[in-house]
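Undergrad: PDB, N, CA and C atoms and all ligand atoms, file final12.pdb:
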```pdb
MODEL        1
ATOM      1  N   MET P 119      29.924  91.849 -53.300
ATOM      2  CA  MET P 119      29.987  91.269 -51.957
ATOM      3  C   MET P 119      30.895  90.051 -51.985
ATOM      4  N   PRO P 120      31.841  89.990 -51.113
ATOM      5  CA  PRO P 120      32.773  88.863 -51.146
ATOM      6  C   PRO P 120      32.138  87.583 -50.620
ATOM      7  N   MET P 121      32.648  86.493 -51.120
ATOM      8  CA  MET P 121      32.185  85.202 -50.647
ATOM      9  C   MET P 121      33.198  84.652 -49.661
ATOM     10  N   TYR P 122      32.696  84.172 -48.566
ATOM     11  CA  TYR P 122      33.558  83.604 -47.546
ATOM     12  C   TYR P 122      33.287  82.120 -47.415
ATOM     13  N   GLU P 123      34.320  81.428 -47.037
ATOM     14  CA  GLU P 123      34.155  80.000 -46.815
ATOM     15  C   GLU P 123      34.326  79.721 -45.323
ATOM     16  N   TYR P 124      33.462  78.910 -44.828
ATOM     17  CA  TYR P 124      33.454  78.615 -43.399
ATOM     18  C   TYR P 124      33.463  77.115 -43.182
ATOM     19  N   ARG P 125      33.874  76.766 -42.009
ATOM     20  CA  ARG P 125      33.772  75.361 -41.625
ATOM     21  C   ARG P 125      33.220  75.273 -40.222
ATOM     22  N   CYS P 126      32.276  74.397 -40.080
ATOM     23  CA  CYS P 126      31.649  74.183 -38.785
ATOM     24  C   CYS P 126      32.530  73.289 -37.930
ATOM     25  N   GLN P 127      32.753  73.721 -36.706
ATOM     26  CA  GLN P 127      33.546  72.905 -35.803
ATOM     27  C   GLN P 127      32.686  71.789 -35.210
ATOM     28  N   GLY P 128      31.415  71.964 -35.266
ATOM     29  CA  GLY P 128      30.523  70.964 -34.690
ATOM     30  C   GLY P 128      30.430  69.725 -35.550
ATOM     31  N   CYS P 129      30.067  69.903 -36.822
ATOM     32  CA  CYS P 129      29.850  68.740 -37.677
ATOM     33  C   CYS P 129      30.921  68.614 -38.749
ATOM     34  N   GLY P 130      31.801  69.605 -38.851
ATOM     35  CA  GLY P 130      32.906  69.508 -39.799
ATOM     36  C   GLY P 130      32.535  69.871 -41.211
ATOM     37  N   LYS P 131      31.321  70.305 -41.438
ATOM     38  CA  LYS P 131      30.896  70.654 -42.777
ATOM     39  C   LYS P 131      31.415  72.039 -43.147
ATOM     40  N   SER P 132      31.867  72.170 -44.383
ATOM     41  CA  SER P 132      32.287  73.483 -44.852
ATOM     42  C   SER P 132      31.240  74.029 -45.813
ATOM     43  N   PHE P 133      31.108  75.342 -45.810
ATOM     44  CA  PHE P 133      30.084  75.967 -46.639
ATOM     45  C   PHE P 133      30.534  77.370 -47.003
ATOM     46  N   GLU P 134      29.905  77.907 -48.015
ATOM     47  CA  GLU P 134      30.260  79.239 -48.475
ATOM     48  C   GLU P 134      29.080  80.175 -48.304
ATOM     49  N   LEU P 135      29.409  81.389 -47.968
ATOM     50  CA  LEU P 135      28.359  82.388 -47.801
ATOM     51  C   LEU P 135      28.808  83.702 -48.416
ATOM     52  N   LEU P 136      27.881  84.366 -49.016
ATOM     53  CA  LEU P 136      28.117  85.732 -49.455
ATOM     54  C   LEU P 136      27.749  86.667 -48.316
ATOM     55  N   ARG P 137      28.707  87.420 -47.894
ATOM     56  CA  ARG P 137      28.442  88.298 -46.758
ATOM     57  C   ARG P 137      29.101  89.648 -46.977
ATOM     58  N   ARG P 138      28.522  90.643 -46.360
ATOM     59  CA  ARG P 138      29.211  91.922 -46.318
ATOM     60  C   ARG P 138      30.476  91.762 -45.484
ATOM     61  N   MET P 139      31.465  92.546 -45.849
ATOM     62  CA  MET P 139      32.751  92.402 -45.174
ATOM     63  C   MET P 139      32.630  92.642 -43.670
ATOM     64  N   GLN P 140      31.844  93.631 -43.306
ATOM     65  CA  GLN P 140      31.722  93.948 -41.879
ATOM     66  C   GLN P 140      30.872  92.925 -41.139
ATOM     67  N   ASP P 141      30.161  92.103 -41.899
ATOM     68  CA  ASP P 141      29.328  91.089 -41.249
ATOM     69  C   ASP P 141      29.919  89.697 -41.380
ATOM     70  N   SER P 142      31.165  89.629 -41.799
ATOM     71  CA  SER P 142      31.716  88.330 -42.176
ATOM     72  C   SER P 142      31.748  87.340 -41.027
ATOM     73  N   ASP P 143      31.914  87.844 -39.835
ATOM     74  CA  ASP P 143      32.003  86.942 -38.690
ATOM     75  C   ASP P 143      30.824  87.089 -37.741
ATOM     76  N   ARG P 144      29.812  87.740 -38.224
ATOM     77  CA  ARG P 144      28.691  88.046 -37.346
ATOM     78  C   ARG P 144      27.529  87.080 -37.598
ATOM     79  N   ASP P 145      26.947  86.620 -36.532
ATOM     80  CA  ASP P 145      25.752  85.782 -36.617
ATOM     81  C   ASP P 145      25.951  84.576 -37.518
ATOM     82  N   LEU P 146      27.087  83.951 -37.348
ATOM     83  CA  LEU P 146      27.358  82.780 -38.163
ATOM     84  C   LEU P 146      26.729  81.544 -37.550
ATOM     85  N   LYS P 147      26.111  80.780 -38.415
ATOM     86  CA  LYS P 147      25.570  79.510 -37.958
ATOM     87  C   LYS P 147      25.751  78.467 -39.042
ATOM     88  N   CYS P 148      26.043  77.291 -38.622
ATOM     89  CA  CYS P 148      26.164  76.196 -39.561
ATOM     90  C   CYS P 148      24.787  75.868 -40.127
ATOM     91  N   PRO P 149      24.674  75.765 -41.449
ATOM     92  CA  PRO P 149      23.386  75.421 -42.053
ATOM     93  C   PRO P 149      22.966  73.986 -41.760
ATOM     94  N   GLU P 150      23.907  73.183 -41.359
ATOM     95  CA  GLU P 150      23.598  71.777 -41.081
ATOM     96  C   GLU P 150      23.084  71.568 -39.659
ATOM     97  N   CYS P 151      23.872  72.034 -38.709
ATOM     98  CA  CYS P 151      23.557  71.700 -37.317
ATOM     99  C   CYS P 151      23.248  72.940 -36.480
ATOM    100  N   GLN P 152      23.239  74.109 -37.134
ATOM    101  CA  GLN P 152      22.898  75.370 -36.461
ATOM    102  C   GLN P 152      23.883  75.747 -35.372
ATOM    103  N   SER P 153      25.018  75.122 -35.363
ATOM    104  CA  SER P 153      26.029  75.485 -34.381
ATOM    105  C   SER P 153      26.648  76.822 -34.750
ATOM    106  N   ASP P 154      27.023  77.583 -33.743
ATOM    107  CA  ASP P 154      27.735  78.823 -34.037
ATOM    108  C   ASP P 154      29.249  78.660 -33.851
ATOM    109  N   GLU P 155      29.672  77.441 -33.695
ATOM    110  CA  GLU P 155      31.106  77.167 -33.636
ATOM    111  C   GLU P 155      31.627  77.025 -35.055
ATOM    112  N   VAL P 156      31.771  78.158 -35.696
ATOM    113  CA  VAL P 156      32.133  78.169 -37.109
ATOM    114  C   VAL P 156      33.409  78.963 -37.291
ATOM    115  N   GLU P 157      34.333  78.415 -38.037
ATOM    116  CA  GLU P 157      35.551  79.155 -38.313
ATOM    117  C   GLU P 157      35.567  79.575 -39.775
ATOM    118  N   ARG P 158      36.164  80.712 -40.012
ATOM    119  CA  ARG P 158      36.221  81.248 -41.361
ATOM    120  C   ARG P 158      37.505  80.794 -42.032
ATOM    121  N   LEU P 159      37.357  80.287 -43.211
ATOM    122  CA  LEU P 159      38.519  79.931 -44.014
ATOM    123  C   LEU P 159      38.868  81.113 -44.899
ATOM    124  N   LEU P 160      39.786  80.911 -45.807
ATOM    125  CA  LEU P 160      40.172  82.032 -46.650
ATOM    126  C   LEU P 160      39.023  82.471 -47.540
ATOM    127  N   SER P 161      38.949  83.735 -47.767
ATOM    128  CA  SER P 161      37.899  84.253 -48.613
ATOM    129  C   SER P 161      38.231  83.954 -50.061
ATOM    130  N   THR P 162      37.214  83.644 -50.824
ATOM    131  CA  THR P 162      37.434  83.169 -52.182
ATOM    132  C   THR P 162      36.998  84.168 -53.238
ATOM    133  N   PHE P 163      36.794  85.389 -52.844
ATOM    134  CA  PHE P 163      36.423  86.356 -53.881
ATOM    135  C   PHE P 163      37.646  86.719 -54.716
ATOM    136  N   ALA P 164      37.425  86.964 -55.964
ATOM    137  CA  ALA P 164      38.520  87.143 -56.907
ATOM    138  C   ALA P 164      39.364  88.356 -56.550
ATOM    139  N   ALA P 165      40.644  88.103 -56.373
ATOM    140  CA  ALA P 165      41.542  89.198 -56.043
ATOM    141  C   ALA P 165      41.907  89.975 -57.298
ATOM    142  N   GLY P 166      42.257  89.261 -58.345
ATOM    143  CA  GLY P 166      42.579  89.922 -59.601
ATOM    144  C   GLY P 166      41.531  89.582 -60.639
ATOM    145  N   GLY P 167      40.549  90.449 -60.786
ATOM    146  CA  GLY P 167      39.417  90.135 -61.651
ATOM    147  C   GLY P 167      39.720  90.164 -63.118
ATOM    148  N   CYS P 168      40.928  90.519 -63.466
ATOM    149  CA  CYS P 168      41.249  90.681 -64.879
ATOM    150  C   CYS P 168      41.324  89.332 -65.604
ATOM    151  N   LYS P 169      41.472  88.279 -64.840
ATOM    152  CA  LYS P 169      41.706  86.993 -65.479
ATOM    153  C   LYS P 169      40.446  86.402 -66.104
ATOM    154  N   SER P 170      39.314  86.714 -65.539
ATOM    155  CA  SER P 170      38.084  86.190 -66.101
ATOM    156  C   SER P 170      37.716  86.992 -67.338
ATOM    157  N   SER P 171      37.927  86.413 -68.478
ATOM    158  CA  SER P 171      37.635  87.121 -69.718
ATOM    159  C   SER P 171      36.207  86.823 -70.152
ATOM    160  N   GLY P 172      35.309  87.509 -69.553
ATOM    161  CA  GLY P 172      33.902  87.323 -69.901
ATOM    162  C   GLY P 172      33.493  88.298 -70.979
ATOM    163  N   SER P 173      32.580  89.168 -70.629
ATOM    164  CA  SER P 173      32.147  90.157 -71.597
ATOM    165  C   SER P 173      33.167  91.292 -71.727
ATOM    166  N   GLY P 174      34.070  91.359 -70.786
ATOM    167  CA  GLY P 174      35.045  92.425 -70.800
ATOM    168  C   GLY P 174      34.479  93.756 -70.403
ATOM    169  N   ARG P 175      33.307  93.711 -69.816
ATOM    170  CA  ARG P 175      32.654  94.958 -69.442
ATOM    171  C   ARG P 175      32.577  95.068 -67.936
ATOM    172  N   PHE P 176      32.976  96.165 -67.402
ATOM    173  CA  PHE P 176      32.879  96.369 -65.970
ATOM    174  C   PHE P 176      31.552  96.998 -65.632
ATOM    175  N   THR P 177      30.937  96.441 -64.632
ATOM    176  CA  THR P 177      29.652  97.011 -64.233
ATOM    177  C   THR P 177      29.794  97.735 -62.915
TER     178      THR P 177
HETATM  179 ZN    ZN P 201      27.594  72.052 -38.255
ENDMDL
END
```
How would this structure read if it were set down as structure tokens?
TA:
Amino acid sequence: MPMYEYRCQGCGKSFELLRRMQDSDRDLKCPECQSDEVERLLSTFAAGGCKSSGSGRFT
């Protein structure tokens, strides 16, 4: 599930949420002020996962 970054237009706080792609802009609310005036910033999920050399195992 990709992680999206959002910023509240009400209080200016930015936050990250893990959301399904089809739900990325649905039912958004600021965790601080509960405003739904939230804009989505660039998504931060890894585009090229090869760079993270962890266990090297794909699940
Ligand atoms: Zn807010």
Undergrad: Could the residues of chain P that have an atom at most 5 Å from ligand ZN 201 (chain P) be listed as a tab-separated table, each with its closest atom pair and the distance in Å to one decimal, counting all atoms listed in the file and ordered by chain and ascending residue number?
TA:
```
residue	atom	partner	partner_atom	distance
P:Cys126	CA	P:ZN201	ZN	4.6
P:Gly128	C	P:ZN201	ZN	4.6
P:Cys129	N	P:ZN201	ZN	3.6
P:Gly130	N	P:ZN201	ZN	4.9
P:Cys148	CA	P:ZN201	ZN	4.6
P:Glu150	C	P:ZN201	ZN	4.7
P:Cys151	N	P:ZN201	ZN	3.7
P:Gln152	N	P:ZN201	ZN	4.9
P:Ser153	N	P:ZN201	ZN	4.9
```
Undergrad: Quick one: distance from atom N of P:Asp141 to atom C of P:Arg158 in Å, one decimal?
TA: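 Atom C of P:Arg158 lies at a distance of 13.5 Å from atom N of P:Asp141.
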Undergrad: Just checking: using all atoms listed in the file, which residue out of P:Arg125, P:Lys131, P:Arg144, P:Arg138 ends up closest to P:Val156?
TA: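 Selected residue with least distance to P:Val156: P:Arg125.
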Undergrad: Tell me, in Å to one decimal, how far atom N of P:Tyr122 is from atom C of P:Gln140.
TA: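 For atom N of P:Tyr122 relative to atom C of P:Gln140, the distance reads 11.6 Å.
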Undergrad: Just how far from atom N of P:Leu136 is atom N of P:Leu160, in Å to one decimal?
TA: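 Computed distance, atom N of P:Leu160 to atom N of P:Leu136, equals 12.8 Å.
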Undergrad: Centre and edge lengths, as lines of an AutoDock Vina configuration file, for the axis-aligned box enclosing every listed atom of stretch 131-135 of chain P with 6 Å of padding on each of the six sides, in Å to one decimal?
TA:
```
center_x = 30.3
center_y = 77.0
center_z = -45.0
size_x = 15.9
size_y = 25.4
size_z = 19.0
```
Undergrad: P:Glu134: which residues within 6.5 Å, counting all atoms listed in the file, same-chain residues fewer than 4 positions away excluded, as a ChimeraX atom specification?
TA: /P:121-124
Undergrad: Store the residues of this selection in a file with N, CA and C atoms, as an mmCIF file, in the coordinates of the input.
TA:
```cif
data_model
loop_
_atom_site.group_PDB
_atom_site.id
_atom_site.type_symbol
_atom_site.label_atom_id
_atom_site.label_comp_id
_atom_site.auth_asym_id
_atom_site.auth_seq_id
_atom_site.Cartn_x
_atom_site.Cartn_y
_atom_site.Cartn_z
ATOM 1 N N MET P 121 32.648 86.493 -51.120
ATOM 2 C CA MET P 121 32.185 85.202 -50.647
ATOM 3 C C MET P 121 33.198 84.652 -49.661
ATOM 4 N N TYR P 122 32.696 84.172 -48.566
ATOM 5 C CA TYR P 122 33.558 83.604 -47.546
ATOM 6 C C TYR P 122 33.287 82.120 -47.415
ATOM 7 N N GLU P 123 34.320 81.428 -47.037
ATOM 8 C CA GLU P 123 34.155 80.000 -46.815
ATOM 9 C C GLU P 123 34.326 79.721 -45.323
ATOM 10 N N TYR P 124 33.462 78.910 -44.828
ATOM 11 C CA TYR P 124 33.454 78.615 -43.399
ATOM 12 C C TYR P 124 33.463 77.115 -43.182
#
```
